[in-house]
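What follows is the content of data13.txt (compact mmCIF, C-alpha atoms).
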# COMPACT_ATOMS: atom_id res chain seq x y z
CA MET A 1 44.33 17.48 -64.32
CA ASP A 2 42.23 18.64 -61.36
CA LEU A 3 38.83 17.07 -60.64
CA LEU A 4 36.34 17.55 -57.73
CA TYR A 5 34.39 14.42 -56.94
CA GLU A 6 31.27 14.71 -54.77
CA THR A 7 30.90 12.13 -51.99
CA PRO A 8 27.50 11.39 -50.37
CA SER A 9 27.14 12.39 -46.72
CA GLU A 10 27.87 9.52 -44.35
CA GLN A 11 27.75 8.94 -40.57
CA VAL A 12 30.98 6.89 -40.46
CA VAL A 13 33.91 7.09 -42.96
CA SER A 14 36.66 4.49 -42.76
CA GLY A 15 38.61 5.32 -45.90
CA ILE A 16 38.81 7.66 -48.91
CA TYR A 17 39.63 6.24 -52.33
CA CYS A 18 41.79 8.27 -54.71
CA PRO A 19 39.57 9.21 -57.66
CA VAL A 20 42.48 9.28 -60.09
CA CYS A 21 45.26 6.82 -61.05
CA ASP A 22 43.95 3.31 -61.25
CA GLU A 23 46.62 1.30 -59.43
CA GLU A 24 46.21 -1.67 -61.75
CA GLU A 25 46.80 0.39 -64.92
CA GLN A 26 49.06 3.13 -63.62
CA GLN A 27 51.90 2.53 -61.24
CA GLY A 28 52.61 5.65 -59.20
CA SER A 29 53.01 7.28 -55.84
CA PHE A 30 50.28 9.05 -53.85
CA LEU A 31 50.21 12.12 -51.64
CA TRP A 32 47.15 13.19 -49.65
CA TYR A 33 46.16 16.69 -48.57
CA LYS A 34 43.32 17.87 -46.32
CA ASN A 35 42.01 21.33 -46.99
CA PHE A 36 45.11 21.79 -49.21
CA SER A 37 47.55 20.98 -46.37
CA LEU A 38 49.79 17.93 -46.54
CA ILE A 39 48.67 15.18 -44.19
CA PRO A 40 51.68 14.11 -42.07
CA ASN A 41 52.83 10.53 -41.54
CA GLN A 42 50.85 9.12 -44.41
CA GLU A 43 51.42 6.03 -46.51
CA SER A 44 51.69 6.18 -50.29
CA ALA A 45 48.47 4.34 -51.06
CA PRO A 46 45.39 4.92 -53.20
CA VAL A 47 43.22 4.66 -50.05
CA LEU A 48 43.52 7.09 -47.17
CA ARG A 49 42.51 5.33 -43.96
CA ILE A 50 40.56 7.39 -41.39
CA ARG A 51 40.24 6.03 -37.90
CA ASN A 52 37.41 7.09 -35.55
CA SER A 53 35.85 9.47 -38.00
CA SER A 54 33.91 12.37 -36.49
CA LYS A 55 32.66 15.82 -37.40
CA GLN A 56 36.29 17.01 -37.31
CA SER A 57 37.08 14.65 -40.20
CA GLU A 58 35.05 16.77 -42.61
CA GLY A 59 36.89 18.68 -45.33
CA ILE A 60 38.21 18.59 -48.91
CA TYR A 61 40.70 15.78 -49.42
CA THR A 62 43.16 16.04 -52.34
CA CYS A 63 44.86 13.03 -53.83
CA VAL A 64 48.02 13.77 -55.95
CA CYS A 65 49.13 10.83 -58.04
CA THR A 66 52.61 10.88 -59.66
CA TRP A 67 52.98 8.35 -62.47
CA GLU A 68 55.40 7.76 -65.38
CA HIS A 69 54.57 7.23 -69.05
CA HIS A 70 57.33 6.64 -71.69
CA GLY A 71 59.87 7.97 -69.28
CA ILE A 72 57.93 11.17 -68.60
CA LYS A 73 56.46 11.82 -65.12
CA HIS A 74 52.93 13.12 -64.86
CA ASN A 75 50.86 14.43 -61.94
CA SER A 76 47.13 13.89 -61.63
CA SER A 77 45.04 15.19 -58.74
CA GLY A 78 41.48 14.73 -57.62
CA TYR A 79 39.41 16.12 -54.79
CA ARG A 80 36.76 14.62 -52.55
CA ASN A 81 34.50 16.69 -50.28
CA ILE A 82 33.77 14.61 -47.17
CA ILE A 83 30.70 15.45 -45.03
CA ILE A 84 30.05 13.60 -41.76
CA GLU A 85 26.46 13.38 -40.58
CA GLU A 86 25.49 13.32 -36.92
CA GLN A 87 24.77 9.83 -35.72
CA THR A 88 21.11 9.21 -34.95
CA ILE A 89 20.37 7.47 -31.68
CA ILE A 90 17.62 4.98 -32.36
CA SER A 91 15.07 4.50 -29.58
CA SER A 92 11.57 3.11 -29.48
CA PRO A 93 8.79 5.68 -29.84
CA LYS A 94 7.40 6.86 -26.52
CA PHE A 95 4.00 8.50 -26.14
CA SER A 96 3.95 11.65 -24.05
CA LEU A 97 0.28 12.27 -24.86
CA PRO A 98 -2.35 10.90 -24.64
CA ILE A 99 -2.53 8.27 -21.91
CA ASN A 100 -3.56 4.89 -23.29
CA ASN A 101 -7.28 4.08 -22.86
CA SER A 102 -7.95 7.62 -21.65
CA VAL A 103 -11.42 9.16 -21.80
CA VAL A 104 -12.27 12.66 -23.02
CA PHE A 105 -15.63 14.07 -21.94
CA THR A 106 -17.42 16.27 -24.44
CA ASP A 107 -20.90 17.08 -25.81
CA VAL A 108 -22.54 16.07 -29.06
CA GLY A 109 -22.17 18.87 -31.61
CA SER A 110 -19.26 20.53 -29.84
CA GLU A 111 -15.65 20.86 -31.04
CA VAL A 112 -12.86 18.87 -29.44
CA ILE A 113 -9.10 18.70 -30.06
CA LEU A 114 -7.10 15.53 -29.38
CA ASN A 115 -3.38 15.97 -28.84
CA CYS A 116 -0.86 13.22 -29.61
CA SER A 117 2.85 13.67 -28.90
CA VAL A 118 5.49 10.98 -29.54
CA TYR A 119 9.19 11.14 -28.68
CA PHE A 120 11.45 9.39 -31.23
CA GLY A 121 14.90 10.27 -29.87
CA GLN A 122 17.35 13.12 -30.28
CA SER A 123 16.32 13.49 -33.88
CA VAL A 124 13.30 12.27 -35.81
CA CYS A 125 14.14 9.66 -38.45
CA ALA A 126 13.09 10.19 -42.06
CA VAL A 127 10.47 7.43 -41.98
CA CYS A 128 9.05 8.31 -38.54
CA SER A 129 5.43 9.42 -38.60
CA ILE A 130 2.28 9.64 -36.50
CA ARG A 131 -1.36 9.74 -37.53
CA TRP A 132 -4.87 9.52 -36.14
CA GLU A 133 -7.30 6.69 -36.91
CA LYS A 134 -10.95 6.10 -36.12
CA ASN A 135 -11.86 2.44 -35.71
CA GLY A 136 -8.69 1.50 -37.59
CA ILE A 137 -9.36 3.86 -40.57
CA SER A 138 -7.08 6.81 -41.25
CA LEU A 139 -8.69 10.22 -40.80
CA ARG A 140 -6.40 11.98 -43.26
CA GLY A 141 -8.56 13.95 -45.67
CA VAL A 142 -11.86 12.91 -44.02
CA ASP A 143 -14.44 15.70 -43.73
CA GLY A 144 -14.99 16.96 -40.20
CA TYR A 145 -11.51 15.88 -39.04
CA LYS A 146 -8.41 18.05 -39.39
CA GLN A 147 -4.90 16.90 -38.55
CA LYS A 148 -1.94 19.19 -38.02
CA ASN A 149 1.54 17.70 -37.49
CA ARG A 150 4.72 19.39 -36.35
CA GLU A 151 8.18 18.41 -35.06
CA ILE A 152 9.51 19.71 -31.74
CA ASP A 153 12.90 18.64 -30.30
CA GLY A 154 12.87 14.99 -31.36
CA SER A 155 9.11 14.65 -30.92
CA LEU A 156 6.29 14.59 -33.42
CA GLN A 157 3.01 16.19 -32.42
CA SER A 158 -0.33 15.64 -34.11
CA LEU A 159 -3.44 17.66 -33.28
CA LEU A 160 -6.76 16.13 -34.37
CA ASN A 161 -9.51 18.71 -34.56
CA ILE A 162 -13.00 17.19 -34.55
CA THR A 163 -15.10 20.11 -35.69
CA GLU A 164 -18.43 18.63 -34.58
CA VAL A 165 -18.68 15.58 -32.31
CA SER A 166 -21.31 13.08 -33.46
CA GLU A 167 -23.01 10.11 -31.82
CA SER A 168 -20.79 7.91 -33.97
CA ASP A 169 -17.69 9.50 -32.43
CA LEU A 170 -18.95 8.65 -28.92
CA ARG A 171 -19.21 4.99 -29.93
CA SER A 172 -15.83 4.86 -31.73
CA GLU A 173 -12.23 4.26 -30.74
CA PHE A 174 -9.65 6.86 -31.76
CA ARG A 175 -6.06 5.72 -32.10
CA CYS A 176 -2.88 7.71 -32.38
CA LYS A 177 -0.47 5.47 -34.29
CA ALA A 178 3.30 6.04 -34.24
CA LYS A 179 5.67 4.44 -36.74
CA ASP A 180 9.45 4.32 -37.01
CA SER A 181 11.89 2.11 -38.92
CA TYR A 182 11.26 -0.91 -36.70
CA GLU A 183 7.80 -0.91 -35.17
CA VAL A 184 4.30 0.55 -35.10
CA ILE A 185 2.65 1.34 -31.76
CA PHE A 186 -0.55 3.14 -30.80
CA VAL A 187 -2.64 4.44 -27.89
CA SER A 188 -6.43 4.60 -27.72
CA VAL A 189 -8.76 7.44 -26.76
CA THR A 190 -12.54 7.32 -26.41
CA LEU A 191 -15.06 10.13 -26.23
CA LYS A 192 -17.91 10.12 -23.73
CA SER A 193 -20.81 12.45 -23.22
CA ARG A 194 -20.69 14.69 -20.17
CA GLU A 195 -24.12 13.39 -19.16
CA SER A 196 -22.56 10.05 -18.34
CA VAL A 197 -20.40 11.77 -15.68
CA LEU A 198 -23.48 12.16 -13.48
CA SER A 199 -24.13 8.44 -13.53
CA VAL A 200 -20.50 7.79 -12.60
CA ILE A 201 -20.80 10.21 -9.66
CA VAL A 202 -24.03 8.57 -8.51
CA VAL A 203 -22.41 5.12 -8.66
CA CYS A 204 -19.37 6.36 -6.70
CA VAL A 205 -21.56 7.98 -4.03
CA CYS A 206 -23.71 4.86 -3.69
CA THR A 207 -20.60 2.69 -3.46
CA PHE A 208 -19.18 4.98 -0.76
CA LEU A 209 -22.41 4.84 1.23
CA VAL A 210 -22.53 1.05 0.98
CA LEU A 211 -18.91 0.80 2.15
CA LEU A 212 -19.69 3.22 4.98
CA LEU A 213 -22.65 1.11 6.08
CA LEU A 214 -20.55 -2.05 5.87
CA ALA A 215 -17.80 -0.43 7.94
CA GLY A 216 -20.32 0.75 10.53
CA GLY A 217 -21.98 -2.67 10.67
CA LEU A 218 -18.62 -4.38 10.95
CA LYS A 219 -17.64 -2.09 13.82
CA TRP A 220 -20.93 -2.67 15.61
CA PHE A 221 -20.87 -6.45 15.19
CA ALA A 222 -17.08 -6.83 15.56
CA LEU A 223 -17.50 -7.92 19.17
CA ASP A 224 -20.02 -10.60 18.18
CA LEU A 225 -17.76 -11.85 15.39
CA VAL A 226 -14.77 -12.10 17.73
CA LEU A 227 -16.79 -13.99 20.36
CA PHE A 228 -18.22 -16.35 17.74
CA SER A 229 -14.86 -17.11 16.13
CA ARG A 230 -13.20 -17.56 19.52
CA GLN A 231 -15.74 -20.20 20.46
CA ILE A 232 -14.90 -22.15 17.32
CA PHE A 233 -11.15 -21.77 16.85
CA VAL A 234 -9.61 -20.85 20.20
CA LYS A 235 -11.50 -23.50 22.11
CA LEU A 236 -10.64 -26.07 19.44
CA TYR A 237 -6.87 -25.53 19.77
CA ARG A 238 -6.69 -24.49 23.40
CA LYS A 239 -4.24 -26.23 25.71
CA GLU A 240 -4.93 -26.61 29.40
CA ASP A 241 -2.90 -24.24 31.58
CA GLY A 242 -3.53 -25.89 34.94
CA LYS A 243 -5.78 -23.07 36.13
CA LEU A 244 -8.87 -23.99 38.12
CA TYR A 245 -10.95 -20.81 37.82
CA ASP A 246 -11.75 -18.53 34.91
CA ALA A 247 -11.95 -15.49 37.20
CA TYR A 248 -11.40 -14.49 40.83
CA VAL A 249 -14.00 -11.92 41.95
CA ILE A 250 -12.86 -9.09 44.24
CA TYR A 251 -15.50 -6.78 45.70
CA GLN A 252 -16.20 -4.92 48.96
CA ARG A 253 -18.80 -6.01 51.44
CA ASN A 254 -17.90 -3.93 54.51
CA ASN A 255 -18.35 -0.23 55.25
CA LEU A 256 -21.15 0.15 52.69
CA ASP A 257 -24.51 1.84 53.19
CA GLU A 258 -27.59 -0.33 52.94
CA ALA A 259 -28.51 0.65 49.38
CA THR A 260 -24.99 0.17 48.03
CA SER A 261 -24.60 -3.13 49.87
CA LYS A 262 -27.85 -4.42 48.33
CA THR A 263 -26.70 -3.32 44.83
CA VAL A 264 -23.36 -5.12 45.20
CA CYS A 265 -25.02 -8.26 46.59
CA ASP A 266 -27.61 -8.36 43.81
CA PHE A 267 -24.94 -7.92 41.13
CA VAL A 268 -22.36 -10.43 42.45
CA ASN A 269 -24.74 -13.14 43.67
CA GLY A 270 -27.36 -12.44 41.02
CA SER A 271 -26.43 -11.09 37.58
CA LEU A 272 -22.73 -12.02 37.64
CA LEU A 273 -23.30 -15.64 38.63
CA THR A 274 -26.41 -16.08 36.51
CA VAL A 275 -24.86 -14.80 33.28
CA LEU A 276 -21.22 -15.91 33.50
CA GLU A 277 -21.65 -19.24 35.29
CA SER A 278 -25.17 -20.48 34.62
CA TYR A 279 -25.55 -19.14 31.07
CA TYR A 280 -22.02 -19.14 29.61
CA GLY A 281 -20.36 -21.82 31.74
CA PHE A 282 -17.48 -19.82 33.25
CA LYS A 283 -16.11 -20.86 36.63
CA LEU A 284 -15.72 -18.06 39.19
CA PHE A 285 -14.23 -17.97 42.70
CA ILE A 286 -16.34 -15.97 45.16
CA HIS A 287 -15.64 -15.68 48.88
CA GLY A 288 -18.29 -17.19 51.10
CA ARG A 289 -19.42 -19.56 48.44
CA ASP A 290 -16.22 -21.25 47.30
CA ASP A 291 -14.11 -21.11 50.49
CA LEU A 292 -14.56 -23.49 53.41
CA PRO A 293 -14.95 -22.44 57.05
CA GLY A 294 -11.69 -22.67 58.96
CA GLU A 295 -9.37 -22.38 55.95
CA ASP A 296 -6.32 -20.14 56.28
CA CYS A 297 -7.45 -16.85 54.77
CA MET A 298 -4.05 -15.56 53.55
CA ASN A 299 -2.92 -18.83 51.98
CA LEU A 300 -6.34 -19.33 50.43
CA ILE A 301 -6.27 -15.94 48.69
CA GLU A 302 -2.78 -16.42 47.24
CA THR A 303 -3.55 -19.95 46.05
CA GLU A 304 -6.91 -19.19 44.46
CA ILE A 305 -5.66 -16.05 42.68
CA GLN A 306 -2.76 -18.05 41.21
CA LEU A 307 -5.30 -20.65 40.02
CA SER A 308 -7.42 -17.97 38.28
CA ARG A 309 -7.02 -16.71 34.71
CA ARG A 310 -8.62 -13.30 35.32
CA LEU A 311 -9.36 -10.90 38.16
CA ILE A 312 -12.81 -9.29 38.21
CA ILE A 313 -12.64 -6.17 40.37
CA VAL A 314 -16.03 -4.60 41.13
CA LEU A 315 -15.92 -0.86 41.84
CA THR A 316 -18.68 0.62 44.04
CA PRO A 317 -19.39 4.32 44.63
CA GLY A 318 -19.32 5.85 48.10
CA ALA A 319 -17.14 3.13 49.61
CA SER A 320 -14.43 3.86 52.13
CA THR A 321 -11.03 2.22 51.83
CA ASP A 322 -8.92 0.67 54.52
CA LYS A 323 -5.42 1.17 53.15
CA SER A 324 -3.68 -0.87 55.81
CA SER A 325 -1.71 -3.65 54.21
CA ASP A 326 -2.48 -5.81 57.23
CA SER A 327 -6.22 -5.53 56.75
CA PRO A 328 -7.75 -8.88 55.76
CA GLU A 329 -10.20 -6.99 53.54
CA ALA A 330 -7.32 -5.42 51.59
CA TYR A 331 -5.21 -8.53 51.22
CA ASP A 332 -6.96 -10.11 48.22
CA LEU A 333 -6.84 -6.79 46.36
CA GLN A 334 -3.17 -6.37 47.25
CA VAL A 335 -2.30 -9.86 46.02
CA GLY A 336 -4.40 -9.44 42.90
CA LEU A 337 -2.74 -6.13 41.95
CA HIS A 338 0.69 -7.69 42.53
CA GLN A 339 -0.21 -10.56 40.18
CA ALA A 340 -1.49 -8.16 37.51
CA LEU A 341 1.03 -5.30 37.70
CA VAL A 342 4.28 -6.83 38.91
CA GLN A 343 4.19 -10.37 37.61
CA GLY A 344 1.88 -9.64 34.68
CA GLU A 345 0.38 -13.11 34.90
CA THR A 346 -3.30 -12.26 35.34
CA GLY A 347 -5.60 -10.06 33.27
CA VAL A 348 -7.89 -7.64 35.09
CA ILE A 349 -11.55 -6.85 34.27
CA LEU A 350 -12.81 -3.66 35.91
CA ILE A 351 -16.58 -3.36 36.45
CA GLN A 352 -18.06 -0.19 37.89
CA LEU A 353 -21.47 -0.15 39.59
CA GLY A 354 -23.00 3.31 39.19
CA GLN A 355 -21.35 6.67 38.61
CA MET A 356 -18.16 7.75 40.41
CA GLN A 357 -16.82 11.31 40.52
CA ASP A 358 -13.16 10.29 40.67
CA TYR A 359 -10.86 7.45 41.69
CA THR A 360 -8.45 9.33 43.96
CA HIS A 361 -9.60 7.38 47.05
CA LEU A 362 -8.52 4.08 45.47
CA PRO A 363 -5.10 2.42 45.87
CA LEU A 364 -2.44 3.70 43.46
CA GLY A 365 -2.12 0.34 41.72
CA LEU A 366 -5.84 0.32 40.99
CA GLN A 367 -5.69 3.93 39.78
CA HIS A 368 -2.90 2.88 37.40
CA LEU A 369 -5.11 0.12 35.96
CA LEU A 370 -7.97 2.59 35.53
CA CYS A 371 -5.68 4.94 33.59
CA LYS A 372 -4.78 2.11 31.20
CA ASN A 373 -8.29 0.65 30.80
CA SER A 374 -11.67 2.25 31.32
CA PRO A 375 -14.03 0.23 33.56
CA LEU A 376 -17.14 -1.43 32.19
CA LEU A 377 -20.17 0.49 33.50
CA TRP A 378 -23.04 -1.73 34.68
CA ARG A 379 -26.54 -0.31 34.87
CA ASP A 380 -29.61 -1.82 36.49
CA GLY A 381 -31.66 -3.74 33.99
CA GLU A 382 -28.72 -5.13 31.96
CA SER A 383 -29.54 -8.66 33.02
CA SER A 384 -29.87 -10.07 29.51
CA PRO A 385 -26.88 -12.34 28.67
CA ASN A 386 -26.84 -10.89 25.14
CA SER A 387 -26.61 -7.25 26.21
CA ARG A 388 -23.68 -5.11 25.12
CA PHE A 389 -22.29 -5.02 28.66
CA TRP A 390 -22.03 -8.81 29.03
CA LYS A 391 -20.55 -9.17 25.54
CA ARG A 392 -17.76 -6.79 26.56
CA VAL A 393 -17.21 -8.78 29.78
CA ARG A 394 -17.06 -12.07 27.80
CA TYR A 395 -14.61 -10.46 25.36
CA GLN A 396 -12.14 -9.90 28.22
CA MET A 397 -12.77 -13.31 29.77
CA PRO A 398 -10.80 -16.43 28.71
CA VAL A 399 -12.35 -19.31 26.82
CA VAL A 400 -14.74 -21.28 29.03
CA SER A 401 -12.79 -23.69 31.21
CA SER A 402 -13.04 -27.37 30.38
CA PHE A 403 -12.46 -28.41 34.00
CA GLN A 404 -15.38 -30.03 35.77
CA ARG A 405 -16.85 -27.99 38.60
CA SER A 406 -15.71 -29.29 41.94
CA SER A 407 -18.56 -30.69 43.97
CA ARG A 408 -16.59 -29.87 47.10
CA ARG A 409 -16.95 -26.17 46.32
CA GLY A 410 -20.63 -26.37 45.57
CA SER A 411 -22.96 -23.60 46.58
CA LEU A 412 -22.06 -22.57 50.08
CA LYS A 413 -24.08 -19.64 51.27
CA ALA A 414 -22.43 -19.38 54.67
CA SER A 415 -21.36 -16.06 56.07
CA PHE A 416 -18.03 -14.76 54.76
CA GLN A 417 -14.99 -16.00 56.62
CA CYS A 418 -12.42 -14.26 54.42
CA GLN A 419 -13.49 -10.96 52.89
CA GLY A 420 -11.92 -9.23 49.93
CA LEU A 421 -11.62 -5.47 50.00
CA PHE A 422 -13.31 -3.54 47.27
CA VAL A 423 -13.97 0.09 46.96

Written as structure tokens, that's how I'd like the structure from this file.
Amino acid sequence: MDLLYETPSEQVVSGIYCPVCDEEEQQGSFLWYKNFSLIPNQESAPVLRIRNSSKQSEGIYTCVCTWEHHGIKHNSSGYRNIIIEEQTIISSPKFSLPINNSVVFTDVGSEVILNCSVYFGQSVCAVCSIRWEKNGISLRGVDGYKQKNREIDGSLQSLLNITEVSESDLRSEFRCKAKDSYEVIFVSVTLKSRESVLSVIVVCVCTFLVLLLLAGGLKWFALDLVLFSRQIFVKLYRKEDGKLYDAYVIYQRNNLDEATSKTVCDFVNGSLLTVLESYYGFKLFIHGRDDLPGEDCMNLIETEIQLSRRLIIVLTPGASTDKSSDSPEAYDLQVGLHQALVQGETGVILIQLGQMQDYTHLPLGLQHLLCKNSPLLWRDGESSPNSRFWKRVRYQMPVVSSFQRSSRRGSLKASFQCQGLFV
């Protein structure tokens, strides 16, 4: 008795039951064959166990049952055709197209095609589907909307053809909805008229111009903002450093023509003192005013420079330079450059009076400072304390000293006993 029993396709098979010889009614022995070849090392059992079933386990399995009835042996055989399906890897749907909350620009009355592509895994499950909706209502079978679906390499693609875009479409939300065995997800697409692109461009241009103006204004008023904030915060938390002067002024008074000498004198004893000391409250050391007759010139220079937070070096055009290190006129400049370049303890503010063709006639240390920092150019008429020039000078100056002015070093106008060289 030969019978072929069909077995549904399965992904995993653990055992095959013999279709003949009920073990409870018929006692017998069992032999199993695969594709009509005897399976080696098998047990005589009505169930053939299969471990780690795979595509190679497919085939026709024959069960031969030998049983005895009234002393006569009988053979019954049955066949099962086993088919192993490929295992489906389940993964959440992933949208390739479109991007969620994307915008498609079009015109009223024109045709537009929306593309939706969803990846479901290596193979698309039987219940997987995608569809288009408008404001939550399916567009399947709706006039003016055509959907075309197709499957490509584990992905489902749906093309929505809107034959004629209406005003209602521009105010609606289109959704591509994907569904598998476990969840339903969607992405949204909106249509906008191309005319609205112009307004977007205008807004972007205006925003750019506003930002440009703000950046320009910030750059122009950055110096004022820094000076204002420094007066509030830096002065509030400043600790005294033991310095007596905010700046030590170095300038040349010898070997100058009459016009240049008058310009230097007017600037140092006029604008510089009026703006920095009288108006802003800085404390400066100036030879002839702050030194006393008979004081040791060399010791005085070293001491006062060490007690100063900044060096103000005034550059004058057409000045000759005495480069001798023993020259009293050169000593304050030499000490000042040593403090600034070698010890790095004192900041230097370079102020230039008038135009200069080059700086080759100046000491090398001063030329080095000019290479690192451009001098502040002073022009006649910049006497206003709020001018750009004086703001830049204040920016390089320290916070106004809190020390009381010494009455001993009041306002001496005597002739200079110790002169500082300046070129």

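Residue nearest Gln157 of chain A, chosen from A:Val104, A:Ile185, A:Cys116, A:Ala178 and counting only C-alpha atoms: A:Cys116.
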
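Note that the spacing between atom CA of Trp378 of chain A and atom CA of Lys243 of chain A amounts to 27.5 Å.
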
- Item | Non-local contacts of segment 94-101 of chain A (12 Å; all atoms listed in the file; under 4 positions in same chain excluded) as number ranges by chain | A: 90, 113-121, 130, 132, 154-160, 173-180, 183-191

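Distance-wise, atom CA of Gly144 of chain A and atom CA of Cys128 of chain A end up 25.6 Å apart.
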
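Put simply, atom CA of Val108 of chain A is 23.2 Å away from atom CA of Val203 of chain A.
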
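Proximity to Glu382 of chain A was assessed for A:Ser271, A:Gln339, A:Gln357, A:Gln352 counting all atoms listed in the file; the smallest distance is recorded for A:Ser271.
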